[in-house]
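Asker: Here it is: the structure, laid out below.
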Amino acid sequence: MRTTPAPAPTPAQAREEADPVERSQPIPLLVAAITAAMVLAGAGYILFSDPFGAAALGDRRTVADLAGPVRGAAADGKQLFTANCVACHQATGAGLPGVFPPLAASSWVTGDPKVLASILLHGVEGELVVNGTAYRGSMPSFRQLVRT
């Protein structure tokens with residue numbers, strides 16, 4: 001059997017580079033050591049740190065904390081009073097003489113609950129006599145406290 005020799009390459013073919021070939025080039029030991037050290041440090045941090053971390057590292061509220069009060073749940077009266085009433089009526093409920101009427105021992109508060117609810121929902125303006133002292137001013141509506 002007779003073989004024919006391969007034709008001589010053309011000048012354009014002679015300028016071409018040979019196709020690249022793959023060869024084994026392992027990762028340098030320094031890179032492998034740094035990678036392993038970082039993985040071990042990360043795993044150690046996760047395993048040995050406090051499950052919720054330090055409060056200074058971020059917000060730790062849960063979805064339940066952000067959802068707000070559950071419908072039908074009892075309201076926290078102290079929290080509502082502190083957030084809405086303390087600025088005028090003071091923490092003791094004694095008010096400011098001549099400016100804001102007292103709530104403590106007031107017939108407006110201990111009397112008909114419908115009157116008190118109406119004042120909270122709609123506010124009040126004009127003169128009010130509380131414990132024998134006349135107060136002239138206005139109280140805003142607190143309709144935002146009503147759950148819908």
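Going by the structure tokens order, chains are called A, B, ..., each with residues numbered from 1, while ligands are numbered from 1 in the order shown.
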Can you check which residues of region 15-148 of chain A DSSP gives as strand (DSSP E or B) on the backbone and send them as a list in words?
Answerer: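 Here are the strand (DSSP E or B) residues of region 15-148 of chain A: Leu96, Phe100, Val124, Glu125, Gly126, Glu127, Leu128, Val129, Val130, Thr133, Ala134, Tyr135, Arg136, Gly137, Ser138 and Met139 of chain A.
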Asker: What's around Pro97 (chain A) at 12 Å? Count only C-alpha atoms, leave out sequence neighbours fewer than 4 positions away in its own chain, and write the answer as a CSV table (one decimal) with all heavy atoms, in the first residue's frame.
Answerer:
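Here's the written file around-v5.csv:
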```csv
chain,number,residue,atom,x,y,z
A,88,CYS,N,-49.2,65.9,77.5
A,88,CYS,CA,-50.1,66.9,78.1
A,88,CYS,C,-50.5,66.6,79.5
A,88,CYS,O,-50.5,67.5,80.4
A,88,CYS,CB,-51.3,67.1,77.2
A,88,CYS,SG,-50.9,67.6,75.5
A,89,HIS,N,-51.0,65.4,79.7
A,89,HIS,CA,-51.6,65.1,81.0
A,89,HIS,C,-50.6,64.5,82.1
A,89,HIS,O,-51.0,64.2,83.2
A,89,HIS,CB,-52.8,64.1,80.8
A,89,HIS,CG,-53.9,64.6,80.0
A,89,HIS,ND1,-54.8,65.6,80.5
A,89,HIS,CD2,-54.2,64.4,78.7
A,89,HIS,CE1,-55.6,65.9,79.5
A,89,HIS,NE2,-55.3,65.2,78.4
A,90,GLN,N,-49.3,64.4,81.7
A,90,GLN,CA,-48.3,64.0,82.6
A,90,GLN,C,-48.4,62.5,82.9
A,90,GLN,O,-49.5,61.9,82.8
A,90,GLN,CB,-48.2,64.8,83.8
A,90,GLN,CG,-48.1,66.3,83.6
A,90,GLN,CD,-47.0,66.7,82.7
A,90,GLN,OE1,-45.8,66.4,83.0
A,90,GLN,NE2,-47.2,67.3,81.5
A,93,GLY,N,-51.0,61.6,85.5
A,93,GLY,CA,-52.4,61.9,85.1
A,93,GLY,C,-52.9,63.2,85.8
A,93,GLY,O,-54.0,63.5,85.8
A,101,PRO,N,-56.1,69.6,81.8
A,101,PRO,CA,-56.9,69.1,82.9
A,101,PRO,C,-56.3,67.8,83.4
A,101,PRO,O,-55.7,67.0,82.7
A,101,PRO,CB,-58.3,69.0,82.4
A,101,PRO,CG,-58.1,68.9,80.9
A,101,PRO,CD,-56.9,69.7,80.6
A,102,PRO,N,-56.5,67.5,84.7
A,102,PRO,CA,-56.1,66.2,85.2
A,102,PRO,C,-57.0,65.1,84.8
A,102,PRO,O,-58.2,65.3,84.5
A,102,PRO,CB,-56.2,66.4,86.8
A,102,PRO,CG,-57.2,67.4,87.0
A,102,PRO,CD,-57.1,68.3,85.8
A,103,LEU,N,-56.5,63.9,84.6
A,103,LEU,CA,-57.3,62.7,84.4
A,103,LEU,C,-57.5,61.9,85.6
A,103,LEU,O,-58.6,61.3,85.8
A,103,LEU,CB,-56.6,61.8,83.3
A,103,LEU,CG,-56.3,62.5,82.0
A,103,LEU,CD1,-55.5,61.5,81.1
A,103,LEU,CD2,-57.6,62.9,81.3
A,130,VAL,N,-63.1,70.7,85.3
A,130,VAL,CA,-62.7,69.4,85.8
A,130,VAL,C,-62.2,69.7,87.2
A,130,VAL,O,-61.4,70.5,87.5
A,130,VAL,CB,-61.4,68.9,85.0
A,130,VAL,CG1,-61.0,67.6,85.5
A,130,VAL,CG2,-61.8,68.8,83.5
A,131,ASN,N,-62.9,68.9,88.1
A,131,ASN,CA,-62.6,69.0,89.6
A,131,ASN,C,-62.7,70.5,90.1
A,131,ASN,O,-61.9,70.9,90.9
A,131,ASN,CB,-61.2,68.4,89.9
A,131,ASN,CG,-61.2,66.9,89.6
A,131,ASN,OD1,-62.2,66.3,89.5
A,131,ASN,ND2,-60.0,66.4,89.5
A,132,GLY,N,-63.7,71.2,89.6
A,132,GLY,CA,-63.9,72.6,90.0
A,132,GLY,C,-63.1,73.6,89.3
A,132,GLY,O,-63.2,74.8,89.6
A,133,THR,N,-62.2,73.3,88.4
A,133,THR,CA,-61.3,74.2,87.7
A,133,THR,C,-61.7,74.3,86.3
A,133,THR,O,-61.9,73.2,85.6
A,133,THR,CB,-59.8,73.8,87.9
A,133,THR,OG1,-59.5,73.7,89.3
A,133,THR,CG2,-58.9,74.9,87.3
A,134,ALA,N,-61.8,75.5,85.7
A,134,ALA,CA,-62.2,75.6,84.3
A,134,ALA,C,-60.9,75.6,83.5
A,134,ALA,O,-59.9,76.2,83.8
A,134,ALA,CB,-62.9,76.9,84.1
A,135,TYR,N,-61.0,74.8,82.4
A,135,TYR,CA,-59.9,74.7,81.4
A,135,TYR,C,-60.5,75.1,80.1
A,135,TYR,O,-61.5,74.7,79.6
A,135,TYR,CB,-59.3,73.3,81.4
A,135,TYR,CG,-58.7,72.9,82.6
A,135,TYR,CD1,-59.4,72.3,83.7
A,135,TYR,CD2,-57.3,73.1,82.8
A,135,TYR,CE1,-58.7,71.9,84.8
A,135,TYR,CE2,-56.6,72.7,83.9
A,135,TYR,CZ,-57.4,72.1,85.0
A,135,TYR,OH,-56.7,71.7,86.1
A,136,ARG,N,-59.7,76.0,79.4
A,136,ARG,CA,-60.2,76.4,78.0
A,136,ARG,C,-59.0,76.0,77.1
A,136,ARG,O,-57.9,76.4,77.2
A,136,ARG,CB,-60.4,77.9,78.0
A,136,ARG,CG,-60.9,78.4,76.7
A,136,ARG,CD,-61.7,79.6,76.8
A,136,ARG,NE,-62.3,80.1,75.5
A,136,ARG,CZ,-63.4,79.5,75.0
A,136,ARG,NH1,-64.0,78.5,75.6
A,136,ARG,NH2,-63.8,80.0,73.8
```
Asker: When you draw a straight line from CA of Gly137 (chain A) to CA of His122 (chain A), how long is it in Å?
Answerer: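 Between these atoms lies a distance of 14.4 Å.
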Asker: Rounded to one decimal, what separation in Å do you get between CA of Ser118 (chain A) and CA of Phe142 (chain A)?
Answerer: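 A separation of 9.9 Å between them.
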Asker: Ranking A:Thr4, A:Asn84, A:Thr110, A:Thr92 by minimum distance to Leu145 (chain A) and counting only C-alpha atoms, which one comes first?
Answerer: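 Under the stated criterion, the closest residue is A:Asn84.
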Asker: Where in chain A does DSSP assign helix (DSSP H, G or I), given as a compact mmCIF listing (two decimals) with all heavy atoms, in the first residue's frame?
Answerer:
```
# COMPACT_ATOMS: atom_id res chain seq x y z
N PRO A 11 1.42 29.55 2.53
CA PRO A 11 1.99 30.58 3.41
C PRO A 11 1.02 31.04 4.51
O PRO A 11 1.42 31.32 5.63
CB PRO A 11 2.33 31.71 2.46
CG PRO A 11 2.49 31.07 1.13
CD PRO A 11 1.56 29.88 1.13
N ALA A 12 -0.29 31.09 4.21
CA ALA A 12 -1.27 31.50 5.23
C ALA A 12 -1.34 30.46 6.33
O ALA A 12 -1.46 30.79 7.52
CB ALA A 12 -2.63 31.71 4.59
N GLN A 13 -1.26 29.18 5.97
CA GLN A 13 -1.32 28.13 6.98
C GLN A 13 -0.04 28.11 7.83
O GLN A 13 -0.09 27.77 9.01
CB GLN A 13 -1.51 26.77 6.30
CG GLN A 13 -2.88 26.60 5.68
CD GLN A 13 -3.00 25.31 4.89
OE1 GLN A 13 -2.01 24.80 4.35
NE2 GLN A 13 -4.23 24.77 4.82
N ALA A 14 1.04 28.48 7.26
CA ALA A 14 2.30 28.46 7.98
C ALA A 14 2.34 29.53 9.07
O ALA A 14 3.06 29.40 10.06
CB ALA A 14 3.46 28.66 6.99
N ARG A 15 1.57 30.60 8.92
CA ARG A 15 1.54 31.67 9.94
C ARG A 15 0.68 31.29 11.16
O ARG A 15 0.75 31.94 12.19
CB ARG A 15 0.97 32.96 9.34
CG ARG A 15 1.89 33.65 8.40
CD ARG A 15 1.37 35.05 8.05
NE ARG A 15 0.00 35.07 7.65
CZ ARG A 15 -0.44 35.15 6.38
NH1 ARG A 15 0.43 35.22 5.41
NH2 ARG A 15 -1.71 35.17 6.10
N LEU A 29 0.33 26.05 46.03
CA LEU A 29 0.12 25.70 47.43
C LEU A 29 -0.24 26.92 48.27
O LEU A 29 -1.05 26.81 49.20
CB LEU A 29 1.37 25.02 48.00
CG LEU A 29 1.64 23.61 47.46
CD1 LEU A 29 2.92 23.05 48.07
CD2 LEU A 29 0.47 22.70 47.76
N LEU A 30 0.31 28.08 47.98
CA LEU A 30 -0.02 29.28 48.75
C LEU A 30 -1.50 29.64 48.59
O LEU A 30 -2.19 29.94 49.56
CB LEU A 30 0.87 30.45 48.32
CG LEU A 30 0.61 31.78 49.03
CD1 LEU A 30 0.87 31.61 50.52
CD2 LEU A 30 1.45 32.89 48.45
N VAL A 31 -2.02 29.58 47.37
CA VAL A 31 -3.44 29.89 47.12
C VAL A 31 -4.33 28.86 47.81
O VAL A 31 -5.35 29.20 48.42
CB VAL A 31 -3.72 29.97 45.60
CG1 VAL A 31 -5.20 30.13 45.33
CG2 VAL A 31 -2.93 31.09 44.97
N ALA A 32 -3.97 27.59 47.72
CA ALA A 32 -4.75 26.53 48.37
C ALA A 32 -4.75 26.72 49.89
O ALA A 32 -5.78 26.56 50.56
CB ALA A 32 -4.19 25.16 48.00
N ALA A 33 -3.63 27.11 50.48
CA ALA A 33 -3.54 27.30 51.93
C ALA A 33 -4.38 28.50 52.37
O ALA A 33 -5.10 28.43 53.38
CB ALA A 33 -2.08 27.49 52.35
N ILE A 34 -4.34 29.60 51.62
CA ILE A 34 -5.14 30.78 51.97
C ILE A 34 -6.63 30.46 51.87
O ILE A 34 -7.42 30.81 52.75
CB ILE A 34 -4.77 31.97 51.07
CG1 ILE A 34 -3.36 32.46 51.41
CG2 ILE A 34 -5.79 33.10 51.20
CD1 ILE A 34 -2.82 33.52 50.46
N THR A 35 -7.04 29.75 50.82
CA THR A 35 -8.45 29.37 50.64
C THR A 35 -8.91 28.47 51.79
O THR A 35 -9.99 28.67 52.36
CB THR A 35 -8.64 28.67 49.29
OG1 THR A 35 -8.18 29.53 48.25
CG2 THR A 35 -10.09 28.32 49.06
N ALA A 36 -8.11 27.49 52.13
CA ALA A 36 -8.48 26.58 53.23
C ALA A 36 -8.58 27.33 54.55
O ALA A 36 -9.49 27.09 55.35
CB ALA A 36 -7.45 25.45 53.33
N ALA A 37 -7.65 28.26 54.80
CA ALA A 37 -7.69 29.04 56.05
C ALA A 37 -8.95 29.90 56.11
O ALA A 37 -9.59 30.01 57.17
CB ALA A 37 -6.44 29.90 56.16
N MET A 38 -9.35 30.49 54.99
CA MET A 38 -10.57 31.33 54.99
C MET A 38 -11.81 30.49 55.22
O MET A 38 -12.71 30.89 55.95
CB MET A 38 -10.66 32.09 53.66
CG MET A 38 -9.60 33.18 53.53
SD MET A 38 -9.63 34.01 51.94
CE MET A 38 -11.20 34.81 51.99
N VAL A 39 -11.88 29.31 54.60
CA VAL A 39 -13.04 28.43 54.80
C VAL A 39 -13.11 27.98 56.26
O VAL A 39 -14.19 27.99 56.89
CB VAL A 39 -12.97 27.22 53.84
CG1 VAL A 39 -13.98 26.16 54.22
CG2 VAL A 39 -13.18 27.68 52.40
N LEU A 40 -12.00 27.59 56.84
CA LEU A 40 -11.98 27.17 58.25
C LEU A 40 -12.34 28.32 59.19
O LEU A 40 -13.07 28.12 60.17
CB LEU A 40 -10.63 26.58 58.62
CG LEU A 40 -10.30 25.21 57.99
CD1 LEU A 40 -8.88 24.81 58.31
CD2 LEU A 40 -11.29 24.17 58.50
N ALA A 41 -11.86 29.52 58.91
CA ALA A 41 -12.19 30.67 59.76
C ALA A 41 -13.68 30.99 59.67
O ALA A 41 -14.33 31.27 60.69
CB ALA A 41 -11.37 31.88 59.33
N GLY A 42 -14.25 30.92 58.49
CA GLY A 42 -15.70 31.16 58.34
C GLY A 42 -16.53 30.13 59.06
O GLY A 42 -17.51 30.44 59.74
N ALA A 43 -16.15 28.85 58.92
CA ALA A 43 -16.88 27.78 59.61
C ALA A 43 -16.76 27.93 61.12
O ALA A 43 -17.74 27.76 61.86
CB ALA A 43 -16.36 26.42 59.16
N GLY A 44 -15.58 28.29 61.60
CA GLY A 44 -15.39 28.51 63.03
C GLY A 44 -16.22 29.67 63.55
O GLY A 44 -16.81 29.59 64.63
N TYR A 45 -16.31 30.73 62.78
CA TYR A 45 -17.11 31.88 63.18
C TYR A 45 -18.58 31.49 63.30
O TYR A 45 -19.26 31.84 64.27
CB TYR A 45 -16.95 33.02 62.16
CG TYR A 45 -17.84 34.19 62.43
CD1 TYR A 45 -17.52 35.11 63.43
CD2 TYR A 45 -19.02 34.38 61.73
CE1 TYR A 45 -18.34 36.17 63.70
CE2 TYR A 45 -19.85 35.44 61.99
CZ TYR A 45 -19.51 36.35 62.98
OH TYR A 45 -20.33 37.40 63.25
N ILE A 46 -19.08 30.77 62.32
CA ILE A 46 -20.49 30.35 62.35
C ILE A 46 -20.76 29.41 63.51
O ILE A 46 -21.76 29.53 64.21
CB ILE A 46 -20.87 29.69 61.01
CG1 ILE A 46 -20.89 30.75 59.90
CG2 ILE A 46 -22.23 28.99 61.11
CD1 ILE A 46 -21.04 30.19 58.50
N LEU A 47 -19.86 28.46 63.76
CA LEU A 47 -20.08 27.48 64.82
C LEU A 47 -19.96 28.06 66.23
O LEU A 47 -20.68 27.65 67.14
CB LEU A 47 -19.10 26.31 64.67
CG LEU A 47 -19.32 25.41 63.46
CD1 LEU A 47 -18.20 24.40 63.33
CD2 LEU A 47 -20.67 24.71 63.55
N PHE A 48 -19.05 28.99 66.43
CA PHE A 48 -18.76 29.46 67.78
C PHE A 48 -19.35 30.83 68.11
O PHE A 48 -19.18 31.32 69.22
CB PHE A 48 -17.25 29.47 68.03
CG PHE A 48 -16.65 28.10 67.96
CD1 PHE A 48 -15.78 27.78 66.94
CD2 PHE A 48 -16.97 27.13 68.88
CE1 PHE A 48 -15.23 26.51 66.85
CE2 PHE A 48 -16.44 25.87 68.81
CZ PHE A 48 -15.56 25.54 67.79
N ALA A 55 -26.21 42.89 69.39
CA ALA A 55 -27.23 43.83 68.94
C ALA A 55 -26.63 44.95 68.11
O ALA A 55 -27.30 45.52 67.25
CB ALA A 55 -27.98 44.39 70.13
N ALA A 56 -25.38 45.27 68.35
CA ALA A 56 -24.74 46.35 67.61
C ALA A 56 -24.48 45.97 66.16
O ALA A 56 -24.19 46.83 65.34
CB ALA A 56 -23.42 46.73 68.28
N LEU A 57 -24.60 44.70 65.81
CA LEU A 57 -24.31 44.26 64.46
C LEU A 57 -25.52 44.35 63.53
O LEU A 57 -25.43 44.00 62.37
CB LEU A 57 -23.78 42.83 64.47
CG LEU A 57 -22.46 42.64 65.19
CD1 LEU A 57 -22.04 41.18 65.15
CD2 LEU A 57 -21.38 43.50 64.56
N VAL A 63 -40.16 38.70 61.91
CA VAL A 63 -41.36 39.05 61.15
C VAL A 63 -42.52 39.30 62.12
O VAL A 63 -43.33 40.20 61.92
CB VAL A 63 -41.70 37.94 60.14
CG1 VAL A 63 -43.02 38.21 59.46
CG2 VAL A 63 -40.59 37.80 59.12
N ALA A 64 -42.59 38.54 63.20
CA ALA A 64 -43.66 38.73 64.19
C ALA A 64 -43.55 40.10 64.86
O ALA A 64 -44.56 40.73 65.15
CB ALA A 64 -43.61 37.62 65.24
N ASP A 65 -42.33 40.57 65.10
CA ASP A 65 -42.15 41.89 65.70
C ASP A 65 -42.64 42.99 64.76
O ASP A 65 -43.17 44.00 65.20
CB ASP A 65 -40.67 42.15 66.01
CG ASP A 65 -40.12 41.22 67.07
OD1 ASP A 65 -40.92 40.73 67.90
OD2 ASP A 65 -38.90 40.99 67.05
N LEU A 66 -42.46 42.80 63.48
CA LEU A 66 -42.82 43.83 62.51
C LEU A 66 -44.29 43.78 62.11
O LEU A 66 -44.80 44.73 61.52
CB LEU A 66 -41.95 43.67 61.25
CG LEU A 66 -40.44 43.82 61.48
CD1 LEU A 66 -39.69 43.49 60.21
CD2 LEU A 66 -40.10 45.22 61.94
N ALA A 67 -44.98 42.69 62.42
CA ALA A 67 -46.37 42.53 62.01
C ALA A 67 -47.32 43.42 62.80
O ALA A 67 -48.40 43.73 62.33
CB ALA A 67 -46.80 41.08 62.15
N GLY A 77 -52.77 49.42 77.54
CA GLY A 77 -53.20 50.75 77.95
C GLY A 77 -52.05 51.65 78.39
O GLY A 77 -52.02 52.83 78.06
N LYS A 78 -51.10 51.10 79.12
CA LYS A 78 -49.97 51.90 79.58
C LYS A 78 -49.16 52.42 78.40
O LYS A 78 -48.76 53.58 78.36
CB LYS A 78 -49.09 51.07 80.51
CG LYS A 78 -47.91 51.84 81.08
CD LYS A 78 -47.11 51.00 82.04
CE LYS A 78 -45.96 51.81 82.62
NZ LYS A 78 -45.17 51.03 83.56
N GLN A 79 -48.94 51.55 77.42
CA GLN A 79 -48.17 51.96 76.24
C GLN A 79 -48.93 53.02 75.45
O GLN A 79 -48.35 54.00 74.99
CB GLN A 79 -47.89 50.75 75.36
CG GLN A 79 -47.07 51.07 74.13
CD GLN A 79 -46.87 49.86 73.24
OE1 GLN A 79 -47.49 48.82 73.43
NE2 GLN A 79 -45.99 50.00 72.27
N LEU A 80 -50.23 52.85 75.29
CA LEU A 80 -51.04 53.85 74.58
C LEU A 80 -51.04 55.19 75.31
O LEU A 80 -50.92 56.25 74.69
CB LEU A 80 -52.48 53.35 74.41
CG LEU A 80 -52.67 52.23 73.39
CD1 LEU A 80 -54.10 51.70 73.46
CD2 LEU A 80 -52.35 52.72 72.00
N PHE A 81 -51.18 55.14 76.64
CA PHE A 81 -51.16 56.38 77.43
C PHE A 81 -49.81 57.08 77.30
O PHE A 81 -49.75 58.29 77.09
CB PHE A 81 -51.46 56.07 78.90
CG PHE A 81 -51.54 57.29 79.77
CD1 PHE A 81 -52.70 58.04 79.83
CD2 PHE A 81 -50.45 57.69 80.53
CE1 PHE A 81 -52.77 59.17 80.63
CE2 PHE A 81 -50.51 58.81 81.33
CZ PHE A 81 -51.68 59.56 81.38
N THR A 82 -48.71 56.30 77.40
CA THR A 82 -47.38 56.88 77.30
C THR A 82 -47.15 57.51 75.93
O THR A 82 -46.58 58.59 75.82
CB THR A 82 -46.31 55.80 77.57
OG1 THR A 82 -46.54 55.27 78.88
CG2 THR A 82 -44.91 56.38 77.49
N ALA A 83 -47.61 56.85 74.89
CA ALA A 83 -47.37 57.34 73.53
C ALA A 83 -48.25 58.53 73.17
O ALA A 83 -47.84 59.37 72.37
CB ALA A 83 -47.60 56.21 72.53
N ASN A 84 -49.44 58.64 73.75
CA ASN A 84 -50.40 59.64 73.28
C ASN A 84 -50.81 60.70 74.30
O ASN A 84 -51.19 61.80 73.91
CB ASN A 84 -51.66 58.94 72.76
CG ASN A 84 -51.38 58.04 71.60
OD1 ASN A 84 -51.11 58.50 70.50
ND2 ASN A 84 -51.41 56.73 71.83
N VAL A 86 -49.23 61.31 77.77
CA VAL A 86 -48.30 61.79 78.78
C VAL A 86 -47.80 63.20 78.50
O VAL A 86 -47.59 63.99 79.43
CB VAL A 86 -47.12 60.80 78.93
CG1 VAL A 86 -45.96 61.41 79.69
CG2 VAL A 86 -47.59 59.56 79.64
N ALA A 87 -47.64 63.56 77.25
CA ALA A 87 -47.09 64.88 76.92
C ALA A 87 -47.93 66.01 77.52
O ALA A 87 -47.38 67.01 77.98
CB ALA A 87 -47.00 65.04 75.41
N CYS A 88 -49.23 65.85 77.54
CA CYS A 88 -50.09 66.90 78.09
C CYS A 88 -50.54 66.61 79.52
O CYS A 88 -50.48 67.48 80.39
CB CYS A 88 -51.33 67.08 77.21
SG CYS A 88 -50.95 67.58 75.52
N HIS A 89 -51.02 65.38 79.75
CA HIS A 89 -51.63 65.05 81.04
C HIS A 89 -50.64 64.51 82.05
O HIS A 89 -51.05 64.18 83.17
CB HIS A 89 -52.79 64.07 80.83
CG HIS A 89 -53.89 64.65 79.99
ND1 HIS A 89 -54.78 65.58 80.45
CD2 HIS A 89 -54.23 64.42 78.70
CE1 HIS A 89 -55.63 65.91 79.50
NE2 HIS A 89 -55.31 65.21 78.42
N SER A 107 -64.11 63.34 87.08
CA SER A 107 -65.44 62.78 86.80
C SER A 107 -65.61 62.50 85.31
O SER A 107 -66.43 61.67 84.91
CB SER A 107 -66.53 63.73 87.30
OG SER A 107 -66.42 64.97 86.63
N TRP A 108 -64.83 63.17 84.45
CA TRP A 108 -64.89 62.92 83.01
C TRP A 108 -64.34 61.52 82.69
O TRP A 108 -64.81 60.85 81.78
CB TRP A 108 -64.07 63.95 82.24
CG TRP A 108 -64.68 65.32 82.26
CD1 TRP A 108 -64.41 66.32 83.15
CD2 TRP A 108 -65.66 65.82 81.37
NE1 TRP A 108 -65.16 67.42 82.87
CE2 TRP A 108 -65.95 67.15 81.76
CE3 TRP A 108 -66.33 65.32 80.27
CZ2 TRP A 108 -66.86 67.96 81.11
CZ3 TRP A 108 -67.23 66.13 79.61
CH2 TRP A 108 -67.51 67.43 80.03
N VAL A 109 -63.36 61.08 83.45
CA VAL A 109 -62.74 59.78 83.20
C VAL A 109 -63.50 58.67 83.92
O VAL A 109 -63.72 57.59 83.37
CB VAL A 109 -61.26 59.79 83.64
CG1 VAL A 109 -60.64 58.41 83.51
CG2 VAL A 109 -60.49 60.81 82.83
N THR A 110 -63.92 58.91 85.15
CA THR A 110 -64.60 57.87 85.93
C THR A 110 -66.09 57.82 85.67
O THR A 110 -66.75 56.89 86.12
CB THR A 110 -64.36 58.10 87.44
OG1 THR A 110 -64.88 59.39 87.79
CG2 THR A 110 -62.88 58.01 87.78
N PRO A 113 -68.59 55.95 80.30
CA PRO A 113 -67.54 55.57 79.35
C PRO A 113 -67.79 56.06 77.93
O PRO A 113 -66.85 56.29 77.17
CB PRO A 113 -67.53 54.04 79.39
CG PRO A 113 -68.47 53.61 80.44
CD PRO A 113 -69.22 54.80 80.92
N LYS A 114 -69.07 56.28 77.57
CA LYS A 114 -69.38 56.77 76.22
C LYS A 114 -68.88 58.20 76.03
O LYS A 114 -68.42 58.56 74.96
CB LYS A 114 -70.88 56.69 75.95
CG LYS A 114 -71.38 55.27 75.83
CD LYS A 114 -72.86 55.24 75.57
CE LYS A 114 -73.35 53.80 75.50
NZ LYS A 114 -74.79 53.73 75.29
N VAL A 115 -68.94 59.00 77.08
CA VAL A 115 -68.45 60.38 77.00
C VAL A 115 -66.93 60.38 76.82
O VAL A 115 -66.40 61.10 75.97
CB VAL A 115 -68.86 61.18 78.27
CG1 VAL A 115 -68.20 62.55 78.28
CG2 VAL A 115 -70.37 61.30 78.35
N LEU A 116 -66.24 59.57 77.59
CA LEU A 116 -64.79 59.49 77.48
C LEU A 116 -64.38 58.99 76.09
O LEU A 116 -63.47 59.53 75.46
CB LEU A 116 -64.22 58.57 78.56
CG LEU A 116 -62.71 58.42 78.58
CD1 LEU A 116 -62.03 59.76 78.80
CD2 LEU A 116 -62.30 57.42 79.64
N ALA A 117 -65.06 57.97 75.58
CA ALA A 117 -64.76 57.44 74.25
C ALA A 117 -65.02 58.50 73.19
O ALA A 117 -64.25 58.64 72.23
CB ALA A 117 -65.59 56.19 73.98
N SER A 118 -66.07 59.25 73.33
CA SER A 118 -66.38 60.31 72.38
C SER A 118 -65.30 61.40 72.38
O SER A 118 -64.92 61.90 71.32
CB SER A 118 -67.75 60.92 72.72
OG SER A 118 -68.06 61.93 71.81
N ILE A 119 -64.81 61.76 73.56
CA ILE A 119 -63.74 62.76 73.65
C ILE A 119 -62.48 62.24 72.95
O ILE A 119 -61.83 62.96 72.20
CB ILE A 119 -63.45 63.13 75.12
CG1 ILE A 119 -64.62 63.91 75.71
CG2 ILE A 119 -62.16 63.93 75.24
CD1 ILE A 119 -64.51 64.18 77.20
N LEU A 120 -62.14 60.97 73.18
CA LEU A 120 -60.95 60.40 72.55
C LEU A 120 -61.11 60.32 71.03
O LEU A 120 -60.17 60.63 70.29
CB LEU A 120 -60.66 59.01 73.10
CG LEU A 120 -60.01 58.96 74.47
CD1 LEU A 120 -59.99 57.54 74.99
CD2 LEU A 120 -58.62 59.53 74.42
N LEU A 121 -62.28 59.91 70.57
CA LEU A 121 -62.48 59.73 69.14
C LEU A 121 -62.63 61.03 68.37
O LEU A 121 -62.19 61.14 67.23
CB LEU A 121 -63.71 58.85 68.88
CG LEU A 121 -63.57 57.40 69.28
CD1 LEU A 121 -64.87 56.66 69.08
CD2 LEU A 121 -62.46 56.73 68.50
N HIS A 122 -63.27 62.01 68.97
CA HIS A 122 -63.59 63.24 68.25
C HIS A 122 -62.85 64.47 68.75
O HIS A 122 -62.92 65.53 68.13
CB HIS A 122 -65.11 63.50 68.31
CG HIS A 122 -65.90 62.33 67.82
ND1 HIS A 122 -65.92 61.93 66.51
CD2 HIS A 122 -66.69 61.45 68.50
CE1 HIS A 122 -66.70 60.87 66.38
NE2 HIS A 122 -67.18 60.55 67.58
N ARG A 143 -58.57 59.38 66.66
CA ARG A 143 -59.27 58.38 65.85
C ARG A 143 -58.30 57.29 65.38
O ARG A 143 -58.70 56.15 65.11
CB ARG A 143 -59.94 59.06 64.65
CG ARG A 143 -60.78 58.11 63.84
CD ARG A 143 -61.64 58.81 62.83
NE ARG A 143 -62.67 59.62 63.41
CZ ARG A 143 -63.84 59.17 63.88
NH1 ARG A 143 -64.09 57.89 63.85
NH2 ARG A 143 -64.73 59.99 64.39
N GLN A 144 -57.01 57.60 65.26
CA GLN A 144 -56.03 56.62 64.80
C GLN A 144 -55.91 55.44 65.77
O GLN A 144 -55.36 54.40 65.42
CB GLN A 144 -54.66 57.26 64.56
CG GLN A 144 -53.90 57.61 65.81
CD GLN A 144 -54.19 59.01 66.34
OE1 GLN A 144 -55.16 59.65 65.93
NE2 GLN A 144 -53.36 59.49 67.25
N LEU A 145 -56.43 55.57 66.99
CA LEU A 145 -56.36 54.47 67.96
C LEU A 145 -57.43 53.41 67.73
O LEU A 145 -57.36 52.35 68.32
CB LEU A 145 -56.48 55.03 69.38
CG LEU A 145 -55.39 56.00 69.84
CD1 LEU A 145 -55.66 56.48 71.24
CD2 LEU A 145 -54.04 55.35 69.75
```
Asker: Work out how far CA of Cys85 (chain A) is from CA of Ala104 (chain A), in Å to one decimal.
Answerer: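 Between these atoms lies a distance of 12.4 Å.
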Asker: So which residues touch Val124 (chain A) within 8 Å, counting only C-alpha atoms, skipping near sequence neighbours fewer than 2 positions away, as a list in words?
Answerer: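 The filter keeps Ile119, His122, Gly126, Ser138, Met139, Pro140 and Ser141 of chain A.
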